[in-house]
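Listing of data14.csv; format and content: CSV, C-alpha atoms.
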chain,number,residue,atom,x,y,z
A,2,MET,CA,-10.3,-2.2,5.7
A,3,THR,CA,-7.2,-0.2,5.0
A,4,ALA,CA,-4.0,-1.6,3.8
A,5,ILE,CA,-2.0,1.3,5.1
A,6,ASP,CA,-0.9,-0.4,8.3
A,7,GLU,CA,0.8,-3.2,6.3
A,8,ILE,CA,2.8,-0.9,4.1
A,9,HIS,CA,6.6,-1.1,4.5
A,10,LYS,CA,8.5,2.2,4.4
A,11,HIS,CA,12.2,2.8,4.1
A,12,TRP,CA,14.6,5.6,3.6
A,13,ASP,CA,15.9,5.8,0.0
A,14,PRO,CA,19.2,7.6,0.0
A,15,VAL,CA,19.1,7.9,-3.9
A,16,ILE,CA,15.7,9.6,-3.9
A,17,GLY,CA,16.4,11.4,-0.6
A,18,ALA,CA,12.9,10.5,0.8
A,19,TYR,CA,11.1,7.9,2.7
A,20,THR,CA,9.5,5.5,0.2
A,21,ALA,CA,6.4,3.4,0.9
A,22,ARG,CA,6.4,0.1,-1.0
A,23,VAL,CA,2.9,-0.8,-2.2
A,24,LEU,CA,2.3,-4.5,-3.0
A,25,PRO,CA,-0.5,-6.0,-5.2
A,26,GLY,CA,-3.8,-5.6,-3.5
A,27,GLN,CA,-2.6,-2.7,-1.3
A,28,TYR,CA,-3.0,1.1,-1.4
A,29,TYR,CA,-1.4,3.9,0.4
A,30,VAL,CA,-2.2,7.6,0.9
A,31,SER,CA,0.5,10.0,2.1
A,32,ALA,CA,-0.9,12.8,4.2
A,33,GLY,CA,1.8,15.2,3.2
A,34,GLY,CA,5.6,15.9,3.1
A,35,ASP,CA,8.0,14.6,0.6
A,36,GLU,CA,7.2,11.0,0.8
A,37,CYS,CA,7.6,8.8,-2.3
A,38,ILE,CA,5.3,5.8,-3.0
A,39,GLY,CA,6.7,2.9,-5.1
A,40,THR,CA,5.3,-0.2,-6.7
A,41,VAL,CA,6.1,-2.7,-9.5
A,42,LEU,CA,3.4,-3.5,-12.0
A,43,GLY,CA,3.0,-6.3,-14.5
A,44,SER,CA,-0.6,-6.8,-15.7
A,45,CYS,CA,-1.8,-4.9,-12.6
A,46,VAL,CA,-2.8,-1.3,-12.8
A,47,ALA,CA,-1.9,1.5,-10.4
A,48,ALA,CA,-3.8,4.8,-10.1
A,49,CYS,CA,-1.9,7.7,-8.8
A,50,VAL,CA,-4.4,10.1,-7.3
A,51,ARG,CA,-3.8,13.5,-5.6
A,52,ASP,CA,-5.6,16.6,-4.6
A,53,SER,CA,-3.8,19.2,-6.6
A,54,ARG,CA,-4.4,22.1,-4.2
A,55,LEU,CA,-3.6,20.3,-0.9
A,56,ASN,CA,-0.8,18.3,-2.4
A,57,ILE,CA,-1.8,15.0,-0.8
A,58,GLY,CA,-2.5,11.7,-2.5
A,59,GLY,CA,-1.6,8.1,-2.9
A,60,LEU,CA,-1.7,5.1,-5.2
A,61,ASN,CA,-3.3,1.8,-5.4
A,62,HIS,CA,-2.2,-1.5,-7.0
A,63,PHE,CA,-5.1,-3.6,-8.2
A,64,MET,CA,-5.0,-7.0,-9.9
A,65,LEU,CA,-8.4,-7.5,-11.4
A,66,PRO,CA,-11.3,-5.2,-12.4
A,67,GLY,CA,-13.8,-6.8,-9.9
A,68,ASP,CA,-16.7,-4.8,-11.2
A,69,GLU,CA,-18.9,-7.8,-11.9
A,70,GLY,CA,-19.9,-8.3,-8.3
A,71,GLY,CA,-17.0,-9.2,-6.1
A,72,GLY,CA,-16.1,-12.7,-4.8
A,73,SER,CA,-16.5,-13.5,-1.2
A,74,GLY,CA,-13.3,-14.4,0.7
A,75,LEU,CA,-11.1,-12.3,-1.5
A,76,SER,CA,-9.0,-9.4,-0.5
A,77,LEU,CA,-10.9,-6.1,-1.1
A,78,ASN,CA,-8.2,-4.0,-2.6
A,79,ARG,CA,-7.1,-6.6,-5.1
A,80,PHE,CA,-10.2,-5.5,-7.1
A,81,GLY,CA,-10.1,-2.3,-9.0
A,82,ALA,CA,-13.6,-1.2,-8.2
A,83,PHE,CA,-12.9,-1.3,-4.5
A,84,ALA,CA,-9.3,-0.2,-4.7
A,85,MET,CA,-10.4,3.0,-6.5
A,86,GLU,CA,-13.1,3.7,-4.1
A,87,ASN,CA,-10.9,3.2,-1.0
A,88,LEU,CA,-8.1,5.3,-2.4
A,89,ILE,CA,-10.3,8.2,-3.4
A,90,ASN,CA,-12.3,8.1,-0.1
A,91,ASP,CA,-9.1,8.2,2.0
A,92,ILE,CA,-8.0,11.3,0.1
A,93,LEU,CA,-11.4,12.9,0.5
A,94,LYS,CA,-11.3,12.1,4.3
A,95,LEU,CA,-8.0,14.1,4.5
A,96,GLY,CA,-9.9,17.1,3.1
A,97,GLY,CA,-9.4,16.4,-0.7
A,98,SER,CA,-12.1,17.4,-3.2
A,99,LYS,CA,-13.4,15.3,-6.0
A,100,THR,CA,-13.2,18.4,-8.3
A,101,ARG,CA,-9.4,18.8,-7.7
A,102,LEU,CA,-8.3,15.2,-8.2
A,103,GLU,CA,-5.4,14.7,-10.5
A,104,ILE,CA,-5.3,11.1,-11.7
A,105,LYS,CA,-2.5,9.3,-13.5
A,106,LEU,CA,-2.6,5.6,-14.6
A,107,PHE,CA,0.2,3.0,-15.1
A,108,GLY,CA,0.6,-0.7,-15.8
A,109,GLY,CA,-1.7,-3.1,-17.5
A,110,GLY,CA,1.1,-4.8,-19.4
A,111,LYS,CA,0.7,-8.1,-21.3
A,112,ILE,CA,3.5,-9.9,-19.7
A,113,MET,CA,2.3,-13.5,-19.9
A,114,ARG,CA,2.1,-14.7,-23.5
A,115,GLY,CA,-0.7,-17.0,-24.3
A,116,LEU,CA,-2.8,-16.2,-21.3
A,117,SER,CA,-5.9,-14.0,-21.4
A,118,ASP,CA,-4.9,-10.3,-21.4
A,119,ILE,CA,-5.7,-9.4,-17.8
A,120,GLY,CA,-3.7,-6.2,-18.3
A,121,GLN,CA,-6.1,-5.0,-21.0
A,122,LYS,CA,-9.1,-5.9,-18.9
A,123,ASN,CA,-7.7,-3.8,-16.0
A,124,ILE,CA,-7.0,-0.9,-18.4
A,125,ASP,CA,-10.6,-1.1,-19.9
A,126,PHE,CA,-12.0,-1.2,-16.3
A,127,VAL,CA,-10.1,1.8,-14.9
A,128,LYS,CA,-10.9,4.0,-17.9
A,129,SER,CA,-14.5,3.1,-17.8
A,130,PHE,CA,-14.7,3.7,-14.1
A,131,LEU,CA,-13.1,7.1,-14.3
A,132,SER,CA,-15.3,8.1,-17.3
A,133,LEU,CA,-18.4,7.0,-15.4
A,134,GLU,CA,-17.3,9.0,-12.3
A,135,GLY,CA,-16.5,12.0,-14.4
A,136,TYR,CA,-12.8,12.1,-13.7
A,137,HIS,CA,-10.2,13.3,-16.2
A,138,ILE,CA,-7.0,11.3,-16.8
A,139,ALA,CA,-4.0,13.6,-16.5
A,140,ALA,CA,-1.4,11.2,-17.7
A,141,GLU,CA,-1.0,7.5,-18.5
A,142,ASP,CA,1.5,4.8,-19.5
A,143,LEU,CA,-0.5,1.7,-20.0
A,144,GLY,CA,-0.3,-1.6,-21.9
A,145,GLY,CA,2.7,-2.9,-23.8
A,146,GLU,CA,4.6,-6.1,-23.3
A,147,PHE,CA,6.6,-5.1,-20.3
A,148,SER,CA,6.4,-4.5,-16.6
A,149,ARG,CA,7.0,-1.2,-14.9
A,150,LYS,CA,8.5,0.2,-11.7
A,151,ILE,CA,6.7,3.3,-10.5
A,152,LEU,CA,7.8,6.0,-8.1
A,153,TYR,CA,5.1,8.5,-7.2
A,154,PHE,CA,5.6,11.8,-5.4
A,155,PRO,CA,2.1,12.9,-4.2
A,156,ALA,CA,3.3,16.3,-3.0
A,157,THR,CA,4.2,17.4,-6.6
A,158,GLY,CA,2.4,14.8,-8.7
A,159,LYS,CA,5.6,13.8,-10.3
A,160,VAL,CA,5.9,10.1,-11.4
A,161,LYS,CA,9.0,8.3,-12.4
A,162,VAL,CA,8.4,5.2,-14.6
A,163,LYS,CA,11.0,2.6,-15.5
A,164,ARG,CA,10.0,0.0,-18.1
A,165,LEU,CA,11.6,-3.3,-17.0
A,166,ARG,CA,13.3,-5.8,-19.3
A,167,SER,CA,11.6,-9.1,-20.1
A,168,VAL,CA,13.7,-11.0,-17.5
A,169,HIS,CA,12.2,-8.8,-14.8
A,170,ALA,CA,8.8,-9.0,-16.3
A,171,ALA,CA,8.7,-12.8,-15.8
A,172,THR,CA,9.6,-12.2,-12.1
A,173,VAL,CA,6.9,-9.6,-11.7
A,174,ALA,CA,4.4,-12.0,-13.3
A,175,GLN,CA,5.4,-14.7,-10.8
A,176,GLN,CA,5.1,-12.3,-7.9
A,177,GLU,CA,1.6,-11.2,-9.0
A,178,ALA,CA,0.4,-14.8,-9.3
A,179,SER,CA,1.9,-15.6,-5.9
A,180,TYR,CA,0.2,-12.6,-4.3
A,181,GLU,CA,-3.1,-13.5,-5.9
A,182,SER,CA,-2.9,-17.0,-4.6
A,183,LYS,CA,-2.2,-15.7,-1.0
A,184,MET,CA,-5.0,-13.2,-1.2
A,185,ARG,CA,-7.5,-15.9,-2.1
A,186,ASN,CA,-7.1,-17.1,1.5
A,187,ASN,CA,-7.7,-13.7,3.1
A,188,VAL,CA,-11.2,-13.4,4.4
A,189,ALA,CA,-12.9,-10.1,3.5
A,190,GLY,CA,-16.4,-9.1,2.9
A,191,SER,CA,-18.9,-10.3,5.4
A,192,ILE,CA,-22.6,-10.0,5.9
A,193,GLU,CA,-24.4,-9.3,9.1
A,194,LEU,CA,-28.1,-9.5,9.8
A,195,PHE,CA,-29.2,-7.5,12.8
A,196,ASP,CA,-32.0,-8.8,15.1
B,41,MET,CA,-40.5,-4.4,-5.2
B,42,LYS,CA,-39.0,-0.9,-5.3
B,43,ILE,CA,-35.3,-0.7,-4.2
B,44,MET,CA,-33.3,2.4,-3.7
B,45,VAL,CA,-29.5,2.3,-4.0
B,46,VAL,CA,-27.6,5.2,-2.4
B,47,ASP,CA,-23.9,5.7,-3.2
B,48,ASP,CA,-21.8,8.6,-4.3
B,49,SER,CA,-20.1,6.4,-6.9
B,50,THR,CA,-21.9,5.7,-10.1
B,51,ALA,CA,-19.8,2.7,-10.8
B,52,MET,CA,-20.6,1.2,-7.3
B,53,ARG,CA,-24.3,1.9,-7.8
B,54,ASN,CA,-24.2,0.0,-11.1
B,55,MET,CA,-22.3,-2.9,-9.4
B,56,VAL,CA,-24.9,-3.1,-6.6
B,57,ILE,CA,-27.8,-3.1,-9.0
B,58,ARG,CA,-26.1,-5.8,-11.2
B,59,THR,CA,-25.5,-7.9,-8.1
B,60,ILE,CA,-29.1,-7.6,-6.9
B,61,ARG,CA,-30.2,-8.8,-10.3
B,62,GLN,CA,-27.7,-11.7,-10.3
B,63,ALA,CA,-29.0,-12.7,-6.9
B,64,GLY,CA,-32.4,-13.2,-8.5
B,65,PHE,CA,-34.2,-10.1,-7.4
B,66,ASP,CA,-36.2,-7.9,-9.7
B,67,THR,CA,-34.4,-4.7,-10.3
B,68,GLY,CA,-36.9,-3.3,-12.8
B,69,ASP,CA,-37.8,-0.5,-10.4
B,70,VAL,CA,-34.5,0.6,-8.9
B,71,VAL,CA,-34.2,4.2,-7.7
B,72,GLN,CA,-30.7,5.7,-7.4
B,73,ALA,CA,-29.4,8.6,-5.3
B,74,GLU,CA,-25.8,10.0,-5.1
B,75,ASN,CA,-26.0,11.0,-1.4
B,76,GLY,CA,-28.3,10.9,1.6
B,77,LEU,CA,-29.8,14.3,0.9
B,78,VAL,CA,-30.9,13.4,-2.6
B,79,ALA,CA,-32.2,10.1,-1.3
B,80,LEU,CA,-34.2,11.7,1.5
B,81,ASP,CA,-35.9,14.0,-1.0
B,82,LYS,CA,-36.8,11.0,-3.2
B,83,ILE,CA,-38.0,8.9,-0.1
B,84,ARG,CA,-40.3,11.7,1.0
B,85,LYS,CA,-42.0,11.6,-2.4
B,86,ASP,CA,-42.1,7.9,-2.9
B,87,MET,CA,-41.1,5.4,-0.2
B,88,PRO,CA,-39.1,2.4,-1.5
B,89,ASP,CA,-39.5,-1.1,-0.1
B,90,LEU,CA,-35.8,-1.4,0.6
B,91,ILE,CA,-32.9,1.0,0.8
B,92,LEU,CA,-29.3,-0.1,0.3
B,93,ALA,CA,-26.9,2.7,1.3
B,94,ASP,CA,-23.2,3.4,1.4
B,95,TRP,CA,-21.9,4.8,4.7
B,96,ASN,CA,-19.4,7.5,3.6
B,97,MET,CA,-21.0,10.0,1.2
B,98,PRO,CA,-20.8,13.8,0.8
B,99,GLU,CA,-23.6,16.1,1.8
B,100,MET,CA,-25.4,13.5,3.9
B,101,THR,CA,-23.9,10.1,5.0
B,102,GLY,CA,-25.8,6.8,5.1
B,103,ILE,CA,-26.2,6.9,8.9
B,104,GLU,CA,-27.4,10.5,8.8
B,105,LEU,CA,-29.9,9.5,6.2
B,106,LEU,CA,-31.2,6.8,8.4
B,107,GLN,CA,-31.4,9.1,11.4
B,108,ALA,CA,-33.2,11.8,9.3
B,109,MET,CA,-35.7,9.2,8.2
B,110,ASN,CA,-36.3,8.2,11.8
B,111,ASP,CA,-36.8,11.9,12.8
B,112,GLU,CA,-39.4,12.3,10.1
B,113,GLY,CA,-41.1,8.9,10.8
B,114,LEU,CA,-40.2,7.5,7.4
B,115,LYS,CA,-40.1,3.7,8.0
B,116,THR,CA,-38.9,1.1,5.5
B,117,LYS,CA,-36.3,-1.7,5.3
B,118,PHE,CA,-32.8,-0.2,5.4
B,119,GLY,CA,-29.3,-1.8,5.1
B,120,PHE,CA,-25.7,-0.7,4.7
B,121,ILE,CA,-23.2,-1.7,2.1
B,122,THR,CA,-19.9,-0.4,3.2
B,123,THR,CA,-16.1,-0.8,3.2
B,124,GLU,CA,-15.7,0.1,6.9
B,125,ALA,CA,-17.6,-1.7,9.5
B,126,THR,CA,-16.4,-0.8,13.0
B,127,ALA,CA,-18.1,-1.8,16.2
B,128,VAL,CA,-19.3,1.8,16.6
B,129,MET,CA,-20.8,1.8,13.2
B,130,ARG,CA,-22.6,-1.4,13.8
B,131,GLU,CA,-24.0,0.0,17.1
B,132,GLN,CA,-25.2,3.2,15.3
B,133,ALA,CA,-26.7,1.1,12.5
B,134,THR,CA,-28.7,-1.2,14.8
B,135,ALA,CA,-29.7,1.7,17.0
B,136,GLY,CA,-31.1,3.5,13.9
B,137,GLY,CA,-33.1,0.4,13.0
B,138,ALA,CA,-30.9,-0.9,10.1
B,139,ARG,CA,-31.7,-4.5,9.2
B,140,PHE,CA,-28.3,-5.5,7.9
B,141,LEU,CA,-24.7,-4.5,7.0
B,142,ILE,CA,-22.9,-6.0,4.0
B,143,SER,CA,-19.1,-5.4,3.9
B,144,LYS,CA,-17.4,-4.9,0.6
B,145,PRO,CA,-16.4,-6.8,-1.4
B,146,PHE,CA,-19.9,-8.2,-1.7
B,147,SER,CA,-20.9,-11.2,-3.7
B,148,VAL,CA,-24.0,-12.6,-5.3
B,149,GLU,CA,-24.2,-15.2,-2.5
B,150,SER,CA,-24.1,-12.5,0.2
B,151,PHE,CA,-26.9,-10.6,-1.6
B,152,GLU,CA,-29.0,-13.8,-1.9
B,153,LYS,CA,-28.7,-14.5,1.8
B,154,ILE,CA,-29.4,-11.0,3.0
B,155,LEU,CA,-32.1,-10.0,0.6
B,156,GLY,CA,-33.7,-13.4,0.9
B,157,ALA,CA,-33.9,-13.0,4.6
B,158,VAL,CA,-35.1,-9.4,4.6
B,159,MET,CA,-37.6,-9.3,1.8
Since I need it in another form, could you write the structure as structure tokens?
Amino acid sequence: MTAIDEIHKHWDPVIGAYTARVLPGQYYVSAGGDECIGTVLGSCVAACVRDSRLNIGGLNHFMLPGDEGGGSGLSLNRFGAFAMENLINDILKLGGSKTRLEIKLFGGGKIMRGLSDIGQKNIDFVKSFLSLEGYHIAAEDLGGEFSRKILYFPATGKVKVKRLRSVHAATVAQQEASYESKMRNNVAGSIELFD
Amino acid sequence: MKIMVVDDSTAMRNMVIRTIRQAGFDTGDVVQAENGLVALDKIRKDMPDLILADWNMPEMTGIELLQAMNDEGLKTKFGFITTEATAVMREQATAGGARFLISKPFSVESFEKILGAVM
């Protein structure tokens, strides 16, 4: 189940490139060219992954670790464990190699005071996942009490990060909560017994 | 009960094993393999009671593993745990003799149903 078909792209005259907007629970892989991939992160984490020789890659935007056995009826890519697998698999399908993956991590902010620190759980998960899989983290901007806007250029690996003020952080937190609520109604993960 | 989990992701193998355990099945004797080729080598030496395999893996995919087992007359219970589950994949899986297909994200409940029915 790829989220690529649902991704909205637009021409950004400031950047001078088509930009794919990735929402929570989605991921996108650019097969080449000068495309930019953008997302806004609160407590969610995005992994920017590219093959450094082929100059192809993409990013995901996951909301929860999901490494404790997923929940039925929940959108696949909202969970880090599956979002990481899907993103990496799609890059490998385009000819990428596990030995050449350049991985950068962003997000995991603590933007809702008083609530459990989902951001830190996402950070702990993704670092543990990458360590277990034997991947090196090339760069990161994680944690802190703010949200972030990310613009990723897979062809070069360049990432632009803008830390957002608290007023924006509250909006991002509301959006993430809204997306999570919507995704609970999305049916994914089925079982099928053959005769 | 000897179970083999075949997946190129260490994290995913750990998740599958943990979920089997949470579903109430004994995972004391779980064998792991990172692709179909490694799995086939282990199967030839010691046949598991059940194989849970990912579909997309380097070296040898899950369906290629099942086909290789059939070619060599290696018979045991076999199921897929996969992200993609197209009609063509289902046809290949059933034609190869797979007993089930679990789509990700999987849950403890889905494992209870499937493993309860198969074992």
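With all atoms listed in the file as the atoms that count, the minimum distance from Ser148 of chain A to the choices A:Ala47, A:Leu102, A:Ile89, A:Leu131 is reached by A:Ala47.
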Quiz prompt | Point-to-point distance from atom CA of Leu88 of chain A to atom CA of Ile91 of chain B, Å rounded to tenths | solution = 25.4 Å
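Atom CA of Leu60 of chain A is found 13.8 Å from atom CA of Val162 of chain A.
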Exercise. Please identify all polymer residues lying at most 12 Å from the point (-6.8, -9.0, -19.5) (file coordinates), using all atoms listed in the file, and present the result as a PyMOL selection string.
Key: chain A and resi 43-46+64-66+108-126+144
Practice problem: Rounded to one decimal place, report the atom CA of Asn56 of chain A-atom CA of Leu165 of chain A distance in Å. | Solution: 28.9 Å
Quiz item: If you count all atoms listed in the file, which residues fall within 10 Å of Pro98 of chain B, apart from same-chain ones fewer than 6 positions away, as number ranges by chain?
Solution: A: 93; B: 47-48, 74-77
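Neighbours of Glu152 of chain B closer than or equal to 8 Å, with all atoms listed in the file counted and sequence neighbours fewer than 4 positions away skipped, come out as B:Ile60, B:Ala63, B:Gly64, B:Val148, B:Gly156.
Every protein or nucleic acid residue with an atom no more than 9 Å from Ala32 of chain A, counting only C-alpha atoms and leaving out same-chain residues fewer than 5 positions away, appears here: Asn56, Ile57, Gly58, Gly59, Ile92, Leu95 and Pro155 of chain A.
Interface residues on chain B toward chain A (cut-off 7 Å, only C-alpha atoms): Ser49, Thr50, Ala51, Met55, Thr59, Thr123, Glu124, Thr134, Arg139, Phe140, Leu141, Ile142, Ser143, Lys144, Pro145, Phe146, Ser147, Val148 and Ser150 of chain B.
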Quiz item: Skipping near chain neighbours, those fewer than 2 positions away, what residues fall within 6 Å of Gly26 of chain A using only C-alpha atoms, listed as JSON, numbers by chain?
Solution: {"A": [62, 63, 78, 79]}
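Using only C-alpha atoms, the shortest contact distance between Met100 of chain B and any of B:Ile121, B:Ile57, B:Met52, B:Val78 is found at B:Val78.
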Segment 57-113 of chain B dumped to file, C-alpha atoms, as a PDB file, in the first residue's frame:
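Dumped to out-v2.pdb:
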ATOM      1  CA  ILE B  57       8.505 -12.977  16.848  1.00  0.00           C
ATOM      2  CA  ARG B  58       7.194 -10.675  19.586  1.00  0.00           C
ATOM      3  CA  THR B  59       3.704 -10.738  18.053  1.00  0.00           C
ATOM      4  CA  ILE B  60       3.727 -14.552  17.806  1.00  0.00           C
ATOM      5  CA  ARG B  61       4.590 -14.658  21.489  1.00  0.00           C
ATOM      6  CA  GLN B  62       1.869 -12.129  22.376  1.00  0.00           C
ATOM      7  CA  ALA B  63      -0.625 -14.239  20.424  1.00  0.00           C
ATOM      8  CA  GLY B  64       0.082 -17.052  22.860  1.00  0.00           C
ATOM      9  CA  PHE B  65       2.314 -19.273  20.768  1.00  0.00           C
ATOM     10  CA  ASP B  66       5.564 -20.686  22.009  1.00  0.00           C
ATOM     11  CA  THR B  67       8.493 -18.951  20.354  1.00  0.00           C
ATOM     12  CA  GLY B  68      11.182 -20.764  22.270  1.00  0.00           C
ATOM     13  CA  ASP B  69      12.391 -22.424  19.115  1.00  0.00           C
ATOM     14  CA  VAL B  70      12.307 -19.693  16.481  1.00  0.00           C
ATOM     15  CA  VAL B  71      14.755 -19.814  13.603  1.00  0.00           C
ATOM     16  CA  GLN B  72      15.517 -16.601  11.711  1.00  0.00           C
ATOM     17  CA  ALA B  73      16.766 -15.980   8.181  1.00  0.00           C
ATOM     18  CA  GLU B  74      17.478 -12.696   6.401  1.00  0.00           C
ATOM     19  CA  ASN B  75      16.476 -13.872   2.926  1.00  0.00           C
ATOM     20  CA  GLY B  76      15.105 -16.846   1.039  1.00  0.00           C
ATOM     21  CA  LEU B  77      18.504 -18.273   0.186  1.00  0.00           C
ATOM     22  CA  VAL B  78      19.639 -18.420   3.813  1.00  0.00           C
ATOM     23  CA  ALA B  79      16.231 -19.816   4.782  1.00  0.00           C
ATOM     24  CA  LEU B  80      16.413 -22.569   2.147  1.00  0.00           C
ATOM     25  CA  ASP B  81      19.804 -23.667   3.422  1.00  0.00           C
ATOM     26  CA  LYS B  82      18.464 -23.892   6.995  1.00  0.00           C
ATOM     27  CA  ILE B  83      15.267 -25.662   5.877  1.00  0.00           C
ATOM     28  CA  ARG B  84      17.270 -28.368   4.081  1.00  0.00           C
ATOM     29  CA  LYS B  85      19.105 -29.108   7.343  1.00  0.00           C
ATOM     30  CA  ASP B  86      16.174 -28.889   9.743  1.00  0.00           C
ATOM     31  CA  MET B  87      12.581 -28.541   8.578  1.00  0.00           C
ATOM     32  CA  PRO B  88      10.477 -26.101  10.669  1.00  0.00           C
ATOM     33  CA  ASP B  89       6.788 -26.731  11.441  1.00  0.00           C
ATOM     34  CA  LEU B  90       5.817 -23.303  10.106  1.00  0.00           C
ATOM     35  CA  ILE B  91       7.512 -20.672   7.938  1.00  0.00           C
ATOM     36  CA  LEU B  92       6.465 -16.994   8.031  1.00  0.00           C
ATOM     37  CA  ALA B  93       8.121 -15.139   5.165  1.00  0.00           C
ATOM     38  CA  ASP B  94       8.234 -11.620   3.821  1.00  0.00           C
ATOM     39  CA  TRP B  95       7.647 -11.294   0.073  1.00  0.00           C
ATOM     40  CA  ASN B  96      10.254  -8.730  -1.005  1.00  0.00           C
ATOM     41  CA  MET B  97      13.774  -9.724  -0.004  1.00  0.00           C
ATOM     42  CA  PRO B  98      17.195  -9.546  -1.665  1.00  0.00           C
ATOM     43  CA  GLU B  99      18.985 -12.687  -2.945  1.00  0.00           C
ATOM     44  CA  MET B 100      15.790 -14.791  -2.929  1.00  0.00           C
ATOM     45  CA  THR B 101      12.261 -13.489  -2.417  1.00  0.00           C
ATOM     46  CA  GLY B 102       9.585 -15.197  -0.346  1.00  0.00           C
ATOM     47  CA  ILE B 103       7.746 -16.635  -3.357  1.00  0.00           C
ATOM     48  CA  GLU B 104      11.023 -17.850  -4.867  1.00  0.00           C
ATOM     49  CA  LEU B 105      11.738 -19.609  -1.575  1.00  0.00           C
ATOM     50  CA  LEU B 106       8.356 -21.332  -1.684  1.00  0.00           C
ATOM     51  CA  GLN B 107       8.891 -22.387  -5.296  1.00  0.00           C
ATOM     52  CA  ALA B 108      12.397 -23.674  -4.510  1.00  0.00           C
ATOM     53  CA  MET B 109      10.993 -25.716  -1.612  1.00  0.00           C
ATOM     54  CA  ASN B 110       8.368 -27.201  -3.920  1.00  0.00           C
ATOM     55  CA  ASP B 111      11.030 -28.050  -6.509  1.00  0.00           C
ATOM     56  CA  GLU B 112      12.999 -29.901  -3.849  1.00  0.00           C
ATOM     57  CA  GLY B 113       9.952 -31.570  -2.335  1.00  0.00           C
TER      58      GLY B 113
END
